[in-house]
Every structure is written in structure tokens, then in C-alpha cells.
>>> print(open('run-v8.txt').read())   # compact mmCIF, C-alpha atoms
# COMPACT_ATOMS: atom_id res chain seq x y z
CA MET A 24 -5.07 -10.83 0.45
CA ALA A 25 -1.59 -12.37 0.50
CA ALA A 26 -3.18 -15.51 -0.97
CA LEU A 27 -3.40 -13.74 -4.34
CA PHE A 28 0.40 -13.85 -4.51
CA SER A 29 0.90 -17.15 -2.70
CA GLY A 30 4.01 -18.91 -3.95
CA ARG A 31 5.16 -15.77 -5.78
CA VAL A 32 7.77 -13.12 -5.10
CA LEU A 33 6.97 -9.44 -4.76
CA ILE A 34 9.76 -6.86 -4.88
CA ARG A 35 9.89 -3.59 -2.99
CA ASN A 36 10.67 -0.55 -5.11
CA ASN A 37 13.49 0.57 -2.85
CA GLY A 38 17.19 0.86 -3.54
CA ASP A 39 17.91 -2.72 -2.52
CA GLN A 40 14.81 -4.11 -4.26
CA ASP A 41 14.08 -6.33 -1.27
CA GLU A 42 12.18 -9.49 -2.12
CA LEU A 43 9.10 -10.61 -0.23
CA ASP A 44 9.26 -14.33 -0.81
CA THR A 45 7.63 -15.89 2.25
CA GLU A 46 3.99 -16.10 3.30
CA ALA A 47 4.83 -14.17 6.49
CA GLU A 48 6.41 -11.28 4.57
CA LEU A 49 3.55 -11.11 2.09
CA SER A 50 1.07 -11.17 4.93
CA ARG A 51 2.79 -8.27 6.71
CA ARG A 52 2.60 -6.10 3.61
CA LEU A 53 -0.81 -7.02 2.24
CA ASP A 54 -3.20 -8.38 4.86
CA ASN A 55 -5.85 -6.10 6.38
CA ARG A 56 -5.16 -3.48 3.74
CA LEU A 57 -6.81 -2.17 0.66
CA VAL A 58 -4.62 -3.29 -2.23
CA LEU A 59 -4.33 -1.35 -5.46
CA LEU A 60 -3.27 -3.31 -8.53
CA PHE A 61 -1.84 -0.72 -10.91
CA PHE A 62 -1.74 -1.98 -14.50
CA GLY A 63 0.49 0.24 -16.57
CA ALA A 64 3.39 0.43 -19.01
CA GLY A 65 6.18 2.87 -19.60
CA SER A 66 5.42 2.89 -23.33
CA CYS A 67 1.81 4.00 -22.71
CA PRO A 68 1.51 7.83 -22.89
CA ARG A 69 -1.62 7.87 -20.72
CA CYS A 70 0.17 5.76 -18.11
CA GLN A 71 3.02 8.26 -18.12
CA ALA A 72 0.51 11.08 -17.58
CA PHE A 73 -1.35 9.24 -14.80
CA ALA A 74 1.73 8.00 -12.91
CA PRO A 75 2.48 11.35 -11.15
CA VAL A 76 -1.17 11.58 -10.07
CA LEU A 77 -1.06 8.09 -8.57
CA ARG A 78 2.33 8.74 -7.00
CA ASP A 79 1.02 11.87 -5.26
CA PHE A 80 -2.17 10.05 -4.20
CA PHE A 81 -0.21 7.19 -2.62
CA THR A 82 2.42 9.43 -1.03
CA ARG A 83 -0.14 11.68 0.67
CA LEU A 84 -1.74 8.63 2.28
CA THR A 85 1.39 6.75 3.33
CA ASP A 86 4.28 9.19 3.78
CA GLU A 87 4.84 10.31 7.37
CA PHE A 88 5.51 13.83 6.09
CA TYR A 89 1.78 14.09 5.37
CA VAL A 90 0.15 11.69 7.82
CA LEU A 91 0.84 10.64 11.39
CA ARG A 92 0.26 7.02 10.53
CA ALA A 93 0.29 5.49 7.08
CA ALA A 94 -3.06 4.43 5.66
CA GLN A 95 -3.78 0.72 5.39
CA LEU A 96 -2.96 0.75 1.74
CA ALA A 97 -0.63 -1.26 -0.48
CA LEU A 98 0.08 -0.88 -4.16
CA VAL A 99 1.37 -3.54 -6.53
CA TYR A 100 2.55 -2.42 -9.95
CA VAL A 101 1.49 -5.06 -12.45
CA SER A 102 3.77 -4.15 -15.32
CA GLN A 103 2.58 -4.55 -18.89
CA ASP A 104 5.93 -3.36 -20.20
CA THR A 105 7.54 -5.19 -23.10
CA THR A 106 11.04 -5.11 -21.61
CA GLU A 107 12.47 -5.19 -18.11
CA GLU A 108 14.36 -1.98 -18.86
CA GLN A 109 11.05 -0.20 -19.53
CA GLN A 110 9.67 -1.51 -16.26
CA ASP A 111 12.71 -0.38 -14.29
CA LEU A 112 12.67 3.07 -15.89
CA PHE A 113 8.95 3.49 -15.16
CA LEU A 114 9.44 2.58 -11.49
CA LYS A 115 12.52 4.74 -11.03
CA ASP A 116 10.64 7.80 -9.75
CA MET A 117 7.80 5.95 -8.03
CA PRO A 118 7.42 5.55 -4.22
CA ARG A 119 9.76 3.11 -2.49
CA LYS A 120 6.82 1.44 -0.75
CA TRP A 121 5.32 0.29 -4.03
CA LEU A 122 5.61 -3.41 -4.72
CA PHE A 123 5.97 -5.08 -8.10
CA LEU A 124 6.18 -8.52 -9.67
CA PRO A 125 9.42 -9.72 -11.24
CA PHE A 126 9.39 -9.08 -14.98
CA GLU A 127 9.71 -12.77 -15.79
CA ASP A 128 6.63 -13.70 -13.74
CA ASP A 129 3.71 -14.64 -16.01
CA LEU A 130 1.31 -13.58 -13.25
CA ARG A 131 1.65 -10.06 -14.69
CA ARG A 132 -0.46 -11.15 -17.67
CA ASP A 133 -2.67 -13.57 -15.75
CA LEU A 134 -3.85 -10.84 -13.38
CA GLY A 135 -4.88 -8.67 -16.30
CA ARG A 136 -7.10 -11.44 -17.62
CA ARG A 137 -8.40 -12.33 -14.17
CA PHE A 138 -9.57 -8.78 -13.47
CA SER A 139 -10.73 -8.12 -17.05
CA VAL A 140 -8.32 -5.25 -17.61
CA GLU A 141 -8.68 -4.15 -21.22
CA ARG A 142 -7.13 -0.70 -21.30
CA LEU A 143 -4.24 1.08 -19.65
CA PRO A 144 -3.81 2.60 -17.17
CA ALA A 145 -6.09 0.74 -14.78
CA VAL A 146 -6.24 0.61 -10.99
CA VAL A 147 -8.14 -2.32 -9.51
CA VAL A 148 -9.02 -1.80 -5.83
CA LEU A 149 -9.27 -4.98 -3.75
CA LYS A 150 -10.77 -5.45 -0.31
CA PRO A 151 -8.71 -7.29 2.34
CA SER A 152 -10.80 -10.37 1.50
CA GLY A 153 -9.59 -10.23 -2.10
CA GLU A 154 -12.97 -9.16 -3.45
CA VAL A 155 -13.02 -6.41 -6.05
CA LEU A 156 -14.14 -3.09 -4.61
CA THR A 157 -13.56 -1.02 -7.74
CA ARG A 158 -12.65 -2.40 -11.16
CA ASP A 159 -10.93 0.78 -12.30
CA ALA A 160 -10.35 3.72 -9.97
CA THR A 161 -8.22 5.85 -12.28
CA GLU A 162 -10.86 8.52 -12.86
CA GLU A 163 -11.92 8.50 -9.20
CA ILE A 164 -8.32 9.06 -8.12
CA ARG A 165 -7.93 11.91 -10.62
CA ARG A 166 -11.15 13.55 -9.48
CA LEU A 167 -11.08 13.06 -5.69
CA GLY A 168 -7.44 12.43 -4.81
CA PRO A 169 -6.72 11.00 -1.34
CA ALA A 170 -10.38 11.43 -0.34
CA CYS A 171 -11.00 8.19 -2.24
CA PHE A 172 -9.43 6.19 0.55
CA ALA A 173 -12.01 7.15 3.18
CA ASN A 174 -14.79 6.06 0.82
CA TRP A 175 -13.07 2.75 0.08
CA GLN A 176 -12.24 2.16 3.74
CA GLU A 177 -15.89 2.52 4.72
CA ALA A 178 -17.14 0.37 1.84
CA ALA A 179 -14.63 -2.38 2.63
CA GLU A 180 -15.33 -2.23 6.40
CA LEU A 181 -11.58 -2.18 6.94
CA LEU A 182 -10.54 -3.14 10.46
CA ASP A 183 -8.82 -0.24 12.22
CA ARG A 184 -5.14 -1.13 12.46
CA GLY A 185 -4.99 0.61 15.86
CA PHE A 186 -6.50 -2.52 17.36
CA LEU A 187 -3.90 -4.80 15.79
CA PRO A 188 -0.24 -5.54 16.63
CA PRO A 189 2.29 -3.42 14.75
CA GLU A 190 2.85 -4.83 11.28
CA ASP A 191 4.90 -2.36 9.27
CA LEU A 192 8.67 -2.72 9.23
CA ASP A 193 8.99 0.90 8.19
CA ASP A 194 7.77 2.46 11.43
CA PRO A 195 8.25 6.22 11.24
CA ALA A 196 11.07 7.84 13.15
CA PRO A 197 10.13 9.84 16.27
CA ARG A 198 8.65 13.15 15.22
CA SER A 199 10.83 15.03 17.71
CA LEU A 200 13.64 14.37 20.17
CA THR A 201 11.18 14.52 23.07
CA ASP A 202 8.69 12.09 21.53
CA PRO A 203 10.17 8.94 23.18
CA LEU A 204 10.22 10.76 26.53
CA ARG A 205 6.55 11.65 26.23
CA ARG A 206 5.66 8.04 25.42
CA ARG A 207 7.74 6.81 28.38
CA LYS A 208 6.12 9.34 30.72
CA TYR A 209 2.67 8.25 29.56
CA ARG A 210 3.47 4.60 30.33
CA VAL A 211 4.89 5.51 33.76
CA ASP A 212 1.92 7.72 34.61
CA ARG A 213 -0.55 5.08 33.54
CA ALA A 214 1.25 2.41 35.59
CA GLY A 215 1.23 4.74 38.59
CA ARG A 216 -2.49 5.33 38.31
CA GLY A 217 -3.10 1.58 38.14
CA ALA A 218 -1.05 0.99 41.29
CA GLN A 219 -2.92 3.72 43.16
CA GLY A 220 -6.23 2.19 42.16
CA ARG A 221 -5.24 -1.23 43.48
CA ALA A 222 -3.98 0.28 46.71
CA ALA A 223 -7.36 1.93 47.18
CA GLY A 224 -9.13 -1.36 46.68
CA GLY A 225 -10.13 -0.71 43.10
CA SER A 226 -9.67 -3.13 40.27
CA PRO A 227 -7.74 -2.31 37.14
CA GLY A 228 -9.91 -1.51 34.11
CA SER A 229 -9.60 -0.20 30.63
CA GLU A 230 -9.41 3.52 30.07
CA GLY A 231 -12.19 5.19 29.10
CA GLY A 232 -8.91 6.64 -24.14
CA ALA A 233 -5.87 4.59 -23.26
CA GLY A 234 -3.57 2.00 -24.70
CA GLU A 235 -5.11 -1.39 -25.43
CA LEU A 236 -3.94 -4.22 -23.17
CA PHE A 237 -5.32 -7.33 -24.76
>>> encode(input="run-v8.txt", output="C-alpha cells")
Amino acid sequence: MAALFSGRVLIRNNGDQDELDTEAELSRRLDNRLVLLFFGAGSCPRCQAFAPVLRDFFTRLTDEFYVLRAAQLALVYVSQDTTEEQQDLFLKDMPRKWLFLPFEDDLRRDLGRRFSVERLPAVVVLKPSGEVLTRDATEEIRRLGPACFANWQEAAELLDRGFLPPEDLDDPAPRSLTDPLRRRKYRVDRAGRGAQGRAAGGSPGSEGGAGELF
């Protein structure tokens, strides 16, 4: 998926507006995820009305307040704003984990043509392979909310991240002061069981109507 933005810079919508400008950084944020391309503009009334819906949808799937582990989901805002000030104002109240293209990057327009986006707002859902899963999920998101993700995950045959090395720099903080102790105890107990098995001669094993765009 990172190949779609190869050679480009993506910016995180956080206070520092961190830039992802290397293939490794893009890969960490985009690979093995469903990627939403959100085409919108601050001057579009329907985009303004849809933005809180999309913000809530994304937050309920990725914020540790709602979920134990964030869904394998990334969102890139592909601004169709006419000025950078409009873009910045539109993103001001959006989630910090959203990504966006620099205003001066012509890829903002090219992506709209590539994915045949004709009206705003539009949400193109891409599989990890880069194939289009849904050409416009705005109505589905309005109707089903976060339940959409389970449907997309199954359709895209998304690899469970639990089998992969950690990839998110924003690992959630421990959920309680005793959480690290529980994890440590589990590792110690598991190591102890393995040693007992070897001592007994066993072998270790695994445990069982919108604005026009163009």
C-alpha cells in the first residue's frame, strides 16, 4: 500500500505535523492495513456534515479508549480545498492519527482522477494490495458505523496483525499500574513451565447530492 505514496511525503495530523518521508515510515503506517482515502473540502457543506461522522467512525476503531488494540486502519485526507488555510482549518478538529498530503502536492488532484472521484465527500477503501474494495463508502459508514470494518476486513482477507511484529509507534499506555507486572508474571510463569517440561524429558512446544469535484 505504501507504494501508492512512494516518493511522496505524508503528514500526521498531530501538533507537530510529523512528516513521513521515507519508505520505512510509510510502510509502518500503511502496509497490512485497510486504507481510507477521504476526499473532501472545507468549503463543501456536505463534507462539513460528514466529517464528524467519519471522525467518530475512525476514533471508535483506533482510539484505545474504545478498543484494546487499534484496528488495522489508516486514513489519508486527500484535500480538495482551494487554499492551505481551508485545509488546515478542516483538519483542526480531526483525529491526530489521520494522515494528509501537503497542500502543494499535485497528487491530491491526481488521486481524484485515478479513483474516478466525481463528487464530495467520497471515501475510497483500499485493500492492503492497493486494490479498490469500495469506491465510495460514505453512505455505508453513515448507515453501519464501525461495523463496516469487520465486513471490509473479511472481504480484504486482512492478515491478523497479532501474528506480525509490532508496527505502531503509538503503542497504548498500560491500562493500569499493575498491567506491566501481569505481563512480566506471565512471561516468568511460561518460562518456568518450559523449564519443568524439559526437566521431565519433554520437548518445548507451542501453547495450545454533494459538491462537484471535477
>>> residues_around(input="run-v8.txt", residues="Leu114 of chain A", least_positions_apart="5", cutoff="10 Å", atoms="all atoms listed in the file", output="ChimeraX atom specification")
/A:36-37,64-65,74,100,102,108-109,119,121-123
>>> closest_residue(input="run-v8.txt", among="A:Leu130, A:Leu84, A:Leu49, A:Leu112", to="Leu33 of chain A", atoms="all atoms listed in the file")
A:Leu49
>>> atom_distance(input="run-v8.txt", atom1="atom CA of Asp133 of chain A", atom2="atom CA of Trp175 of chain A")
25.0 Å
>>> atom_distance(input="run-v8.txt", atom1="atom CA of Ser50 of chain A", atom2="atom CA of Thr106 of chain A")
29.0 Å
>>> closest_residue(input="run-v8.txt", among="A:Leu98, A:Cys67, A:Ala72, A:Asp39", to="Thr85 of chain A", atoms="all atoms listed in the file")
A:Leu98
>>> residues_around(input="run-v8.txt", residues="Pro169 of chain A", least_positions_apart="4", cutoff="10 Å", atoms="all atoms listed in the file", output="PyMOL selection string")
chain A and resi 77+79-84+163-165+173-174
>>> residues_around(input="run-v8.txt", residues="Thr45 of chain A", least_positions_apart="5", cutoff="9 Å", atoms="all atoms listed in the file", output="VMD selection string")
chain A and resid 29 to 32 50
>>> closest_residue(input="run-v8.txt", among="A:Leu91, A:Leu167, A:Leu59, A:Ala97", to="Glu154 of chain A", atoms="all atoms listed in the file")
A:Leu59
>>> closest_residue(input="run-v8.txt", among="A:Phe62, A:Leu181, A:Arg51, A:Lys115", to="Glu141 of chain A", atoms="all atoms listed in the file")
A:Phe62
>>> atom_distance(input="run-v8.txt", atom1="atom CA of Lys120 of chain A", atom2="atom CA of Leu60 of chain A")
13.6 Å
>>> closest_residue(input="run-v8.txt", among="A:Arg166, A:Val76, A:Leu57, A:Gln71", to="Gln95 of chain A", atoms="all atoms listed in the file")
A:Leu57
>>> closest_residue(input="run-v8.txt", among="A:Leu156, A:Phe88, A:Arg132, A:Phe113", to="Glu180 of chain A", atoms="only C-alpha atoms")
A:Leu156
>>> axis_aligned_box(input="run-v8.txt", around="segment 168-180 of chain A", padding_each_side="3 Å", output="AutoDock Vina command-line options")
--center_x -11.9 --center_y 5.0 --center_z 0.8 --size_x 16.4 --size_y 20.8 --size_z 17.2
>>> residues_around(input="run-v8.txt", residues="Val147 of chain A", least_positions_apart="6", cutoff="10 Å", atoms="only C-alpha atoms", output="list in words")
Val58, Leu59, Leu60, Phe61, Phe62, Leu98, Gly135, Phe138, Ser139, Val140, Val155, Leu156, Thr157, Arg158, Asp159, Ala160 and Thr161 of chain A
